[in-house]
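Visitor: Sharing my_file_34.cif (mmCIF, C-alpha atoms) below.
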data_upload
loop_
_atom_site.group_PDB
_atom_site.id
_atom_site.type_symbol
_atom_site.label_atom_id
_atom_site.label_comp_id
_atom_site.auth_asym_id
_atom_site.auth_seq_id
_atom_site.Cartn_x
_atom_site.Cartn_y
_atom_site.Cartn_z
ATOM 1 C CA LYS U 282 18.754 -89.560 -139.725
ATOM 2 C CA ALA U 283 17.500 -92.964 -140.772
ATOM 3 C CA GLY U 284 18.599 -95.925 -138.712
ATOM 4 C CA VAL U 285 20.256 -99.144 -139.783
ATOM 5 C CA THR U 286 18.076 -101.136 -142.151
ATOM 6 C CA GLN U 287 18.232 -104.835 -142.854
ATOM 7 C CA THR U 288 16.507 -106.869 -145.527
ATOM 8 C CA PRO U 289 14.769 -109.193 -145.569
ATOM 9 C CA ARG U 290 13.286 -109.199 -142.074
ATOM 10 C CA TYR U 291 12.235 -112.827 -142.176
ATOM 11 C CA LEU U 292 13.454 -115.726 -144.250
ATOM 12 C CA ILE U 293 12.668 -119.446 -144.460
ATOM 13 C CA LYS U 294 15.133 -121.719 -146.243
ATOM 14 C CA THR U 295 15.815 -125.422 -146.430
ATOM 15 C CA ARG U 296 19.026 -127.250 -145.612
ATOM 16 C CA GLY U 297 21.663 -126.993 -148.299
ATOM 17 C CA GLN U 298 20.392 -123.734 -149.734
ATOM 18 C CA GLN U 299 22.259 -120.473 -149.536
ATOM 19 C CA VAL U 300 21.095 -117.068 -148.359
ATOM 20 C CA THR U 301 22.192 -113.448 -148.730
ATOM 21 C CA LEU U 302 21.312 -110.818 -146.143
ATOM 22 C CA SER U 303 21.660 -107.089 -146.673
ATOM 23 C CA CYS U 304 22.468 -104.218 -144.330
ATOM 24 C CA SER U 305 22.397 -100.476 -144.970
ATOM 25 C CA PRO U 306 24.220 -98.499 -142.261
ATOM 26 C CA ILE U 307 23.350 -95.120 -140.843
ATOM 27 C CA SER U 308 24.432 -92.375 -143.231
ATOM 28 C CA GLY U 309 28.068 -91.483 -142.537
ATOM 29 C CA HIS U 310 28.839 -94.719 -140.725
ATOM 30 C CA ARG U 311 31.599 -96.637 -142.457
ATOM 31 C CA SER U 312 32.006 -99.623 -140.160
ATOM 32 C CA VAL U 313 29.554 -102.528 -140.317
ATOM 33 C CA SER U 314 29.590 -105.526 -137.984
ATOM 34 C CA TRP U 315 27.535 -108.715 -138.253
ATOM 35 C CA TYR U 316 26.348 -110.898 -135.389
ATOM 36 C CA GLN U 317 24.447 -114.132 -134.950
ATOM 37 C CA GLN U 318 22.113 -114.482 -131.997
ATOM 38 C CA THR U 319 20.344 -117.687 -131.000
ATOM 39 C CA PRO U 320 17.857 -118.104 -128.119
ATOM 40 C CA GLY U 321 19.633 -117.884 -124.799
ATOM 41 C CA GLN U 322 22.949 -116.998 -126.420
ATOM 42 C CA GLY U 323 24.805 -113.756 -126.442
ATOM 43 C CA LEU U 324 25.817 -111.987 -129.583
ATOM 44 C CA GLN U 325 28.253 -114.094 -131.562
ATOM 45 C CA PHE U 326 30.534 -111.936 -133.700
ATOM 46 C CA LEU U 327 30.740 -112.895 -137.367
ATOM 47 C CA PHE U 328 32.844 -110.183 -139.005
ATOM 48 C CA GLU U 329 33.411 -106.452 -139.295
ATOM 49 C CA TYR U 330 33.989 -104.356 -142.409
ATOM 50 C CA PHE U 331 35.402 -100.912 -142.924
ATOM 51 C CA SER U 332 36.101 -99.279 -146.285
ATOM 52 C CA GLU U 333 35.265 -102.493 -148.126
ATOM 53 C CA THR U 334 37.876 -104.426 -146.084
ATOM 54 C CA GLN U 335 37.237 -107.127 -143.534
ATOM 55 C CA ARG U 336 39.124 -105.988 -140.450
ATOM 56 C CA ASN U 337 38.145 -108.760 -138.084
ATOM 57 C CA LYS U 338 36.479 -112.158 -138.217
ATOM 58 C CA GLY U 339 34.871 -114.345 -135.596
ATOM 59 C CA ASN U 340 35.068 -118.100 -135.202
ATOM 60 C CA PHE U 341 32.570 -119.185 -137.812
ATOM 61 C CA PRO U 342 33.102 -121.671 -140.641
ATOM 62 C CA GLY U 343 33.941 -120.527 -144.146
ATOM 63 C CA ARG U 344 30.304 -121.010 -145.160
ATOM 64 C CA PHE U 345 29.753 -117.567 -143.651
ATOM 65 C CA SER U 346 31.121 -114.751 -145.752
ATOM 66 C CA GLY U 347 30.506 -111.076 -146.240
ATOM 67 C CA ARG U 348 31.428 -108.028 -148.184
ATOM 68 C CA GLN U 349 31.044 -104.288 -148.096
ATOM 69 C CA PHE U 350 30.398 -101.952 -150.983
ATOM 70 C CA SER U 351 31.784 -98.497 -151.657
ATOM 71 C CA ASN U 352 28.607 -96.894 -150.240
ATOM 72 C CA SER U 353 29.213 -98.821 -146.960
ATOM 73 C CA ARG U 354 26.252 -101.143 -147.505
ATOM 74 C CA SER U 355 27.117 -104.682 -146.551
ATOM 75 C CA GLU U 356 25.933 -108.161 -147.361
ATOM 76 C CA MET U 357 26.536 -111.473 -145.666
ATOM 77 C CA ASN U 358 26.142 -114.841 -147.316
ATOM 78 C CA VAL U 359 25.646 -118.254 -145.792
ATOM 79 C CA SER U 360 26.115 -121.206 -148.102
ATOM 80 C CA THR U 361 25.037 -124.812 -147.607
ATOM 81 C CA LEU U 362 22.628 -123.917 -144.839
ATOM 82 C CA GLU U 363 22.377 -126.164 -141.773
ATOM 83 C CA LEU U 364 19.565 -126.417 -139.237
ATOM 84 C CA GLY U 365 21.856 -124.805 -136.648
ATOM 85 C CA ASP U 366 22.084 -121.645 -138.748
ATOM 86 C CA SER U 367 18.557 -120.726 -137.689
ATOM 87 C CA ALA U 368 19.056 -117.503 -135.783
ATOM 88 C CA LEU U 369 18.579 -113.757 -135.652
ATOM 89 C CA TYR U 370 21.272 -112.070 -137.732
ATOM 90 C CA LEU U 371 22.022 -108.554 -136.610
ATOM 91 C CA CYS U 372 23.971 -105.879 -138.347
ATOM 92 C CA ALA U 373 25.402 -102.879 -136.536
ATOM 93 C CA SER U 374 27.018 -99.733 -137.888
ATOM 94 C CA SER U 375 29.348 -97.265 -136.243
ATOM 95 C CA GLN U 376 31.395 -94.197 -136.988
ATOM 96 C CA VAL U 377 35.112 -94.775 -136.861
ATOM 97 C CA GLY U 378 36.653 -92.810 -134.038
ATOM 98 C CA LEU U 379 37.619 -92.843 -130.409
ATOM 99 C CA ILE U 380 34.273 -94.219 -129.273
ATOM 100 C CA GLU U 381 32.720 -96.568 -131.807
ATOM 101 C CA THR U 382 29.206 -96.981 -130.477
ATOM 102 C CA GLN U 383 27.385 -99.621 -132.476
ATOM 103 C CA TYR U 384 23.825 -99.014 -133.617
ATOM 104 C CA PHE U 385 21.863 -102.077 -134.547
ATOM 105 C CA GLY U 386 19.390 -102.803 -137.290
ATOM 106 C CA PRO U 387 16.175 -104.752 -136.586
ATOM 107 C CA GLY U 388 17.761 -108.015 -137.705
ATOM 108 C CA THR U 389 16.905 -110.775 -140.133
ATOM 109 C CA ARG U 390 15.274 -113.812 -138.613
ATOM 110 C CA LEU U 391 16.374 -116.904 -140.545
ATOM 111 C CA LEU U 392 14.666 -120.238 -140.159
ATOM 112 C CA VAL U 393 16.288 -123.278 -141.770
ATOM 113 C CA LEU U 394 14.032 -126.305 -142.234
ATOM 114 C CA GLY Q 74 41.537 -115.197 -123.173
ATOM 115 C CA GLN Q 75 38.645 -112.785 -123.336
ATOM 116 C CA ASN Q 76 35.752 -113.261 -120.964
ATOM 117 C CA ILE Q 77 32.772 -111.265 -119.733
ATOM 118 C CA ASP Q 78 30.507 -112.513 -116.952
ATOM 119 C CA GLN Q 79 26.997 -111.359 -116.120
ATOM 120 C CA PRO Q 80 24.228 -113.017 -114.087
ATOM 121 C CA THR Q 81 21.883 -114.958 -116.338
ATOM 122 C CA GLU Q 82 18.641 -113.712 -114.870
ATOM 123 C CA MET Q 83 17.411 -111.292 -112.216
ATOM 124 C CA THR Q 84 13.975 -110.452 -110.862
ATOM 125 C CA ALA Q 85 12.911 -107.129 -109.362
ATOM 126 C CA THR Q 86 9.733 -105.332 -108.368
ATOM 127 C CA GLU Q 87 8.160 -102.378 -110.138
ATOM 128 C CA GLY Q 88 9.283 -99.118 -108.521
ATOM 129 C CA ALA Q 89 12.369 -100.665 -106.936
ATOM 130 C CA ILE Q 90 16.088 -100.400 -107.772
ATOM 131 C CA VAL Q 91 18.191 -103.135 -109.359
ATOM 132 C CA GLN Q 92 21.924 -103.446 -109.993
ATOM 133 C CA ILE Q 93 23.219 -105.644 -112.820
ATOM 134 C CA ASN Q 94 26.880 -106.565 -112.512
ATOM 135 C CA CYS Q 95 29.436 -107.259 -115.207
ATOM 136 C CA THR Q 96 33.000 -108.473 -114.729
ATOM 137 C CA TYR Q 97 35.516 -108.746 -117.525
ATOM 138 C CA GLN Q 98 38.937 -110.139 -118.329
ATOM 139 C CA THR Q 99 40.145 -108.897 -121.691
ATOM 140 C CA SER Q 100 43.410 -108.215 -123.469
ATOM 141 C CA GLY Q 101 43.484 -104.510 -122.760
ATOM 142 C CA PHE Q 102 40.564 -102.183 -122.279
ATOM 143 C CA ASN Q 103 39.310 -99.185 -124.223
ATOM 144 C CA GLY Q 104 35.785 -98.878 -122.894
ATOM 145 C CA LEU Q 105 32.627 -100.651 -121.757
ATOM 146 C CA PHE Q 106 29.131 -100.464 -123.230
ATOM 147 C CA TRP Q 107 25.716 -101.347 -121.861
ATOM 148 C CA TYR Q 108 22.881 -102.211 -124.220
ATOM 149 C CA GLN Q 109 19.219 -103.045 -123.646
ATOM 150 C CA GLN Q 110 17.486 -105.692 -125.730
ATOM 151 C CA HIS Q 111 13.757 -106.369 -125.570
ATOM 152 C CA ALA Q 112 12.630 -109.828 -126.627
ATOM 153 C CA GLY Q 113 12.621 -110.189 -130.396
ATOM 154 C CA GLU Q 114 14.171 -106.781 -130.947
ATOM 155 C CA ALA Q 115 17.635 -105.406 -131.641
ATOM 156 C CA PRO Q 116 19.919 -104.139 -128.869
ATOM 157 C CA THR Q 117 19.796 -100.404 -128.200
ATOM 158 C CA PHE Q 118 22.662 -98.376 -126.751
ATOM 159 C CA LEU Q 119 22.337 -97.293 -123.115
ATOM 160 C CA SER Q 120 25.726 -96.090 -121.907
ATOM 161 C CA TYR Q 121 29.465 -96.022 -122.380
ATOM 162 C CA ASN Q 122 32.156 -95.875 -119.674
ATOM 163 C CA VAL Q 123 35.852 -95.394 -120.227
ATOM 164 C CA LEU Q 124 36.932 -93.717 -116.976
ATOM 165 C CA ASP Q 125 36.354 -94.958 -113.434
ATOM 166 C CA GLY Q 126 33.232 -93.683 -111.790
ATOM 167 C CA LEU Q 127 29.526 -93.311 -112.200
ATOM 168 C CA GLU Q 128 27.753 -92.005 -115.303
ATOM 169 C CA GLU Q 129 24.123 -91.032 -114.728
ATOM 170 C CA LYS Q 130 21.455 -90.826 -117.404
ATOM 171 C CA GLY Q 131 17.998 -90.344 -115.990
ATOM 172 C CA ARG Q 132 16.801 -93.528 -114.304
ATOM 173 C CA PHE Q 133 19.852 -95.451 -115.563
ATOM 174 C CA SER Q 134 23.405 -95.157 -114.223
ATOM 175 C CA SER Q 135 26.529 -97.101 -115.113
ATOM 176 C CA PHE Q 136 29.622 -97.548 -112.970
ATOM 177 C CA LEU Q 137 33.117 -98.652 -113.933
ATOM 178 C CA SER Q 138 36.184 -99.767 -111.981
ATOM 179 C CA ARG Q 139 39.028 -100.470 -114.392
ATOM 180 C CA SER Q 140 41.355 -101.772 -111.696
ATOM 181 C CA LYS Q 141 38.792 -104.374 -110.654
ATOM 182 C CA GLY Q 142 37.543 -105.224 -114.161
ATOM 183 C CA TYR Q 143 34.041 -104.492 -112.959
ATOM 184 C CA SER Q 144 31.009 -102.528 -114.034
ATOM 185 C CA TYR Q 145 27.393 -102.312 -113.020
ATOM 186 C CA LEU Q 146 24.206 -100.907 -114.470
ATOM 187 C CA LEU Q 147 21.842 -99.378 -111.951
ATOM 188 C CA LEU Q 148 18.171 -99.019 -112.825
ATOM 189 C CA LYS Q 149 15.998 -96.901 -110.546
ATOM 190 C CA GLU Q 150 12.202 -96.541 -110.263
ATOM 191 C CA LEU Q 151 11.740 -99.716 -112.254
ATOM 192 C CA GLN Q 152 8.938 -99.837 -114.779
ATOM 193 C CA MET Q 153 7.378 -102.854 -116.450
ATOM 194 C CA LYS Q 154 8.901 -101.750 -119.765
ATOM 195 C CA ASP Q 155 12.361 -102.277 -118.246
ATOM 196 C CA SER Q 156 11.815 -106.015 -118.567
ATOM 197 C CA ALA Q 157 14.517 -106.880 -121.095
ATOM 198 C CA SER Q 158 17.977 -108.348 -121.442
ATOM 199 C CA TYR Q 159 20.908 -106.125 -120.573
ATOM 200 C CA LEU Q 160 24.149 -106.739 -122.432
ATOM 201 C CA CYS Q 161 27.607 -105.682 -121.323
ATOM 202 C CA ALA Q 162 30.319 -105.312 -124.003
ATOM 203 C CA VAL Q 163 33.993 -104.364 -123.835
ATOM 204 C CA THR Q 164 36.258 -102.813 -126.428
ATOM 205 C CA PRO Q 165 39.666 -104.428 -125.945
ATOM 206 C CA SER Q 166 42.828 -102.754 -127.127
ATOM 207 C CA GLY Q 167 45.371 -103.964 -129.628
ATOM 208 C CA ASP Q 168 44.611 -105.881 -132.805
ATOM 209 C CA SER Q 169 41.082 -106.762 -131.705
ATOM 210 C CA ASN Q 170 39.982 -103.217 -131.101
ATOM 211 C CA TYR Q 171 37.536 -103.358 -134.005
ATOM 212 C CA GLN Q 172 35.558 -106.097 -132.293
ATOM 213 C CA LEU Q 173 33.406 -105.750 -129.209
ATOM 214 C CA ILE Q 174 33.532 -108.619 -126.719
ATOM 215 C CA TRP Q 175 29.991 -109.331 -125.515
ATOM 216 C CA GLY Q 176 28.610 -110.865 -122.358
ATOM 217 C CA ALA Q 177 25.734 -113.333 -122.674
ATOM 218 C CA GLY Q 178 23.317 -110.798 -121.201
ATOM 219 C CA THR Q 179 21.218 -110.573 -118.066
ATOM 220 C CA LYS Q 180 17.494 -111.159 -118.439
ATOM 221 C CA LEU Q 181 15.680 -108.771 -116.091
ATOM 222 C CA ILE Q 182 12.124 -109.655 -115.093
ATOM 223 C CA ILE Q 183 10.032 -106.928 -113.492
ATOM 224 C CA LYS Q 184 7.096 -108.014 -111.337
ATOM 225 C CA PRO Q 185 4.178 -105.755 -110.364
#
Using structure tokens, write down the structure that the file contains.
Guide:
Amino acid sequence: KAGVTQTPRYLIKTRGQQVTLSCSPISGHRSVSWYQQTPGQGLQFLFEYFSETQRNKGNFPGRFSGRQFSNSRSEMNVSTLELGDSALYLCASSQVGLIETQYFGPGTRLLVL
Amino acid sequence: GQNIDQPTEMTATEGAIVQINCTYQTSGFNGLFWYQQHAGEAPTFLSYNVLDGLEEKGRFSSFLSRSKGYSYLLLKELQMKDSASYLCAVTPSGDSNYQLIWGAGTKLIIKP
């Protein structure tokens, strides 16, 4: 079974621009979570989607948004980029059930100049 | 509030044993995960504990005490490739049960 895939893997943007990141979950996984990770920081939860609905959201400004499609693929968008948005953005998918182990994609490394 | 504590960094010697602790205070508890993350890579799943006791998986074992809000990851016969960050995460119960609460991770350095 193929793992979680994320595109693009690397991205360079300038302040004020916007960016869209994509995540394809493991086949059969319907839950997708997004995280931001900066050097020395733990995983900061952005949001989680299941069946095209956002079930939970972290403490990030409204510039960060996401969506999920009917095939469970998910996208996240960051508008009006700031230097502090430079980070590794990780997507994780899981099956919905008693134990929802999250499996991570390789991440998208975003650099904002 | 929700809080997970882990040591920031630990150093151990190749071939030795190391124990990485994790304490948590969360609104309810449904289970605890351990993940390994090598520098520049994504976290990979190591173990899951929901009941008290020790779960063994080869060189890695994970222990949980729900009454004490405490877990540890035990790594035996350390190898250089075990140099990584180890992340502890808890699934709380209630309305937030779709969101894992993550510790900041413990960076483990293995010396020859």
Visitor: Distance atom CA of Q:Gln79-atom CA of U:Pro342, one decimal place?
Guide: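 These atoms are spaced 27.3 Å apart.
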Visitor: Neighbouring residues of U:Phe385 were defined as those with any atom within 9 Å, considering only C-alpha atoms; residues of the same chain fewer than 5 positions away were excluded. Please report them as an MDAnalysis selection string.
Guide: (chainID U and resid 284:286 306 371:374) or (chainID Q and resid 115:118)
Visitor: For the structure shown, which residues end up in the PyMOL selection byres ((chain U) within 6 of (chain Q))? Put them as a PDB file with C-alpha atoms, in the coordinates of the input, please?
Guide:
ATOM      1  CA  GLN U 322      22.949-116.998-126.420  1.00  0.00           C
ATOM      2  CA  GLY U 323      24.805-113.756-126.442  1.00  0.00           C
ATOM      3  CA  PRO U 387      16.175-104.752-136.586  1.00  0.00           C
TER       4      PRO U 387
END
Visitor: Please determine an axis-aligned box that encloses all atoms of stretch 141-153 of chain Q listed in the file, with 8 Å added on each side, and express its centre and edge lengths in Å to one decimal as JSON.
Guide:
{"center_x": 23.1, "center_y": -100.9, "center_z": -113.4, "size_x": 47.4, "size_y": 24.7, "size_z": 22.2}
Visitor: From the set Q:Leu105, Q:Ser156, Q:Ser144, Q:Leu137, which residue has the shortest atom-to-atom contact distance to U:Ile380, counting only C-alpha atoms?
Guide: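 Closest candidate: Q:Leu105.
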Visitor: Do a neighbour search on U:Phe345 at 12 Å with all atoms listed in the file, toss out local chain neighbours closer than 5 positions, and write the hits as a list in words.
Guide: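 Counting all atoms listed in the file, the residues come to Gln299, Val300, Thr301, Leu302, Trp315, Tyr316, Gln317, Phe326, Leu327, Phe328, Lys338, Gly339, Asn340, Glu356, Met357, Asn358, Val359, Ser360, Thr361, Leu362, Glu363, Asp366 and Tyr370 of chain U.
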Visitor: Expressed in Å to a single decimal, how great is the separation between atom CA of Q:Asn94 and atom CA of U:Phe341?
Guide: 28.8 Å
Visitor: Rounded to one decimal, what separation in Å do you get between atom CA of U:Tyr291 and atom CA of U:Ser375?
Guide: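 Value for the atom CA of U:Tyr291-atom CA of U:Ser375 distance: 23.9 Å.
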Visitor: Just so the selection is clear, what residues does the PyMOL selection byres ((chain U and resi 287) around 7) cover here, as a list in words?
Guide: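 On the file shown, the PyMOL selection byres ((chain U and resi 287) around 7) covers Val285, Thr286, Thr288, Pro289, Arg290, Ser303, Cys304, Ser305, Gly386, Pro387, Gly388 and Thr389 of chain U.
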